[in-house]
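Chemist: Here you go, one structure.
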Amino acid sequence: MFEYHGWMTIRASAGDEKPAETATATALAEVELAQLRSGSGFVDLRTVNGSPQVHFGGLFNHGGGREGVVLSTFRRLGEVARGSYGLLYVRDDEDSSGRDNEFRVLIMRRGQVIEAKDSYLSPCIPLVEDEDS
């Protein structure tokens, strides 16, 4: 199963921005988020106290390329809204590269994405799940 949970504050830049710049960044983010609106998940983009925020998450029975869509959408959001920041947690329990028992964390700062190891929920077994008996 492929599981993902993310949040992001959408910003056109890391400095002061004009309302028109915020509106443009939000519209571009909405276009990118369309890819996540179909399938087994949710996307919530709303403006809170003048600041556009996105929350999204989902579960897919099999990765089947959906992992690539989720990760590329997260990265594209940073490209179209270069001041954005947020986190994306992903886990693929069928990952054949040895990362099937851990969450991966993608961190966005100023629209740039880096990956880090998770120490809060990983290793998933035994921290959040029991081992199969």
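In the structure tokens, the first chain shown is A, the next is B, and so on; residue numbers restart at 1 for each chain, and ligands run from 1 in the order shown.
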Mind listing the alpha helix (DSSP H) residues of range 57-111 of chain A, per DSSP on the backbone, as a PyMOL selection string?
Modeler: chain A and resi 66-80
Chemist: Run DSSP on the backbone and give me the residues of chain A it puts in strand (DSSP E or B), as a PyMOL selection string.
Modeler: chain A and resi 2-9+41-48+51-60+85-92+104-109+112-117
Chemist: I'd like the neighbourhood of Leu77 in chain A as a list in words, where a residue qualifies if any of its atoms comes within 10 Å (using only C-alpha atoms), though same-chain residues fewer than 5 positions away should be ignored.
Modeler: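 Everything that qualifies: Met8, Ile10, Arg11, Ala25, Thr26, Leu28, Ala29, Glu30, Val31, Glu32, Leu33, Ser72, Arg82, Gly83, Ser84, Tyr85, Met108, Gly111 and Gln112 of chain A.
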Chemist: Please, could you write that set of residues out with N, CA and C atoms as a PDB file, in the first residue's frame?
Modeler:
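Once everything was written out, this is part10.pdb:
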```pdb
ATOM      1  N   MET A   8       1.003  22.198   2.959  1.00  0.00           N
ATOM      2  CA  MET A   8       1.868  23.212   2.382  1.00  0.00           C
ATOM      3  C   MET A   8       1.197  24.581   2.488  1.00  0.00           C
ATOM      4  N   ILE A  10       1.111  27.937   0.434  1.00  0.00           N
ATOM      5  CA  ILE A  10       1.429  28.379  -0.924  1.00  0.00           C
ATOM      6  C   ILE A  10       1.851  29.844  -0.870  1.00  0.00           C
ATOM      7  N   ARG A  11       3.047  30.117  -1.401  1.00  0.00           N
ATOM      8  CA  ARG A  11       3.581  31.485  -1.439  1.00  0.00           C
ATOM      9  C   ARG A  11       4.252  31.704  -2.782  1.00  0.00           C
ATOM     10  N   ALA A  25      -0.184  32.447  -7.805  1.00  0.00           N
ATOM     11  CA  ALA A  25       0.436  31.242  -7.250  1.00  0.00           C
ATOM     12  C   ALA A  25      -0.631  30.228  -6.851  1.00  0.00           C
ATOM     13  N   THR A  26      -1.729  30.694  -6.278  1.00  0.00           N
ATOM     14  CA  THR A  26      -2.813  29.802  -5.859  1.00  0.00           C
ATOM     15  C   THR A  26      -3.476  29.155  -7.069  1.00  0.00           C
ATOM     16  N   LEU A  28      -2.107  28.603 -10.020  1.00  0.00           N
ATOM     17  CA  LEU A  28      -1.166  27.628 -10.581  1.00  0.00           C
ATOM     18  C   LEU A  28      -1.106  26.366  -9.723  1.00  0.00           C
ATOM     19  N   ALA A  29      -1.161  26.523  -8.402  1.00  0.00           N
ATOM     20  CA  ALA A  29      -1.172  25.366  -7.504  1.00  0.00           C
ATOM     21  C   ALA A  29      -2.422  24.528  -7.739  1.00  0.00           C
ATOM     22  N   GLU A  30      -3.547  25.187  -7.935  1.00  0.00           N
ATOM     23  CA  GLU A  30      -4.805  24.471  -8.185  1.00  0.00           C
ATOM     24  C   GLU A  30      -4.698  23.596  -9.427  1.00  0.00           C
ATOM     25  N   VAL A  31      -4.054  24.086 -10.459  1.00  0.00           N
ATOM     26  CA  VAL A  31      -3.856  23.299 -11.687  1.00  0.00           C
ATOM     27  C   VAL A  31      -3.026  22.050 -11.389  1.00  0.00           C
ATOM     28  N   GLU A  32      -1.941  22.214 -10.641  1.00  0.00           N
ATOM     29  CA  GLU A  32      -1.082  21.078 -10.300  1.00  0.00           C
ATOM     30  C   GLU A  32      -1.815  20.063  -9.427  1.00  0.00           C
ATOM     31  N   LEU A  33      -2.636  20.544  -8.511  1.00  0.00           N
ATOM     32  CA  LEU A  33      -3.342  19.651  -7.580  1.00  0.00           C
ATOM     33  C   LEU A  33      -4.420  18.821  -8.264  1.00  0.00           C
ATOM     34  N   SER A  72       5.798  14.022  -7.822  1.00  0.00           N
ATOM     35  CA  SER A  72       6.010  15.057  -8.842  1.00  0.00           C
ATOM     36  C   SER A  72       5.077  16.243  -8.623  1.00  0.00           C
ATOM     37  N   ARG A  82       7.248  29.559  -5.738  1.00  0.00           N
ATOM     38  CA  ARG A  82       8.626  29.402  -5.252  1.00  0.00           C
ATOM     39  C   ARG A  82       8.876  29.795  -3.796  1.00  0.00           C
ATOM     40  N   GLY A  83       7.941  30.390  -3.147  1.00  0.00           N
ATOM     41  CA  GLY A  83       8.114  30.730  -1.737  1.00  0.00           C
ATOM     42  C   GLY A  83       7.432  29.746  -0.809  1.00  0.00           C
ATOM     43  N   SER A  84       6.873  28.678  -1.362  1.00  0.00           N
ATOM     44  CA  SER A  84       6.076  27.727  -0.576  1.00  0.00           C
ATOM     45  C   SER A  84       6.925  26.899   0.368  1.00  0.00           C
ATOM     46  N   TYR A  85       6.252  26.419   1.418  1.00  0.00           N
ATOM     47  CA  TYR A  85       6.914  25.525   2.372  1.00  0.00           C
ATOM     48  C   TYR A  85       5.907  24.521   2.901  1.00  0.00           C
ATOM     49  N   MET A 108       9.746  20.865   1.942  1.00  0.00           N
ATOM     50  CA  MET A 108       9.816  21.975   1.002  1.00  0.00           C
ATOM     51  C   MET A 108      10.055  23.260   1.780  1.00  0.00           C
ATOM     52  N   GLY A 111      10.234  26.626  -1.924  1.00  0.00           N
ATOM     53  CA  GLY A 111       9.936  25.923  -3.164  1.00  0.00           C
ATOM     54  C   GLY A 111      10.894  24.794  -3.505  1.00  0.00           C
ATOM     55  N   GLN A 112      11.966  24.626  -2.745  1.00  0.00           N
ATOM     56  CA  GLN A 112      12.954  23.571  -2.989  1.00  0.00           C
ATOM     57  C   GLN A 112      12.634  22.363  -2.123  1.00  0.00           C
TER      58      GLN A 112
END
```
Chemist: Would you mind listing what lies within 7 Å of range 98-105 of chain A as a PyMOL selection string, with only C-alpha atoms counted and same-chain residues fewer than 3 positions away left out?
Modeler: chain A and resi 87-95+115-118+121-125
Chemist: Taking 6 positions as the minimum chain separation for residues in the same chain, which residues sit within 10 Å of Glu21 in chain A when counting only C-alpha atoms? Answer as an mmCIF file with C-alpha atoms, in the first residue's frame.
Modeler:
```
data_model
loop_
_atom_site.group_PDB
_atom_site.id
_atom_site.type_symbol
_atom_site.label_atom_id
_atom_site.label_comp_id
_atom_site.auth_asym_id
_atom_site.auth_seq_id
_atom_site.Cartn_x
_atom_site.Cartn_y
_atom_site.Cartn_z
ATOM 1 C CA ARG A 11 3.581 31.485 -1.439
ATOM 2 C CA ALA A 12 4.613 33.168 -4.663
ATOM 3 C CA SER A 13 7.876 34.248 -3.016
ATOM 4 C CA ALA A 27 -4.309 29.377 -9.341
ATOM 5 C CA ALA A 81 4.963 28.866 -6.142
#
```
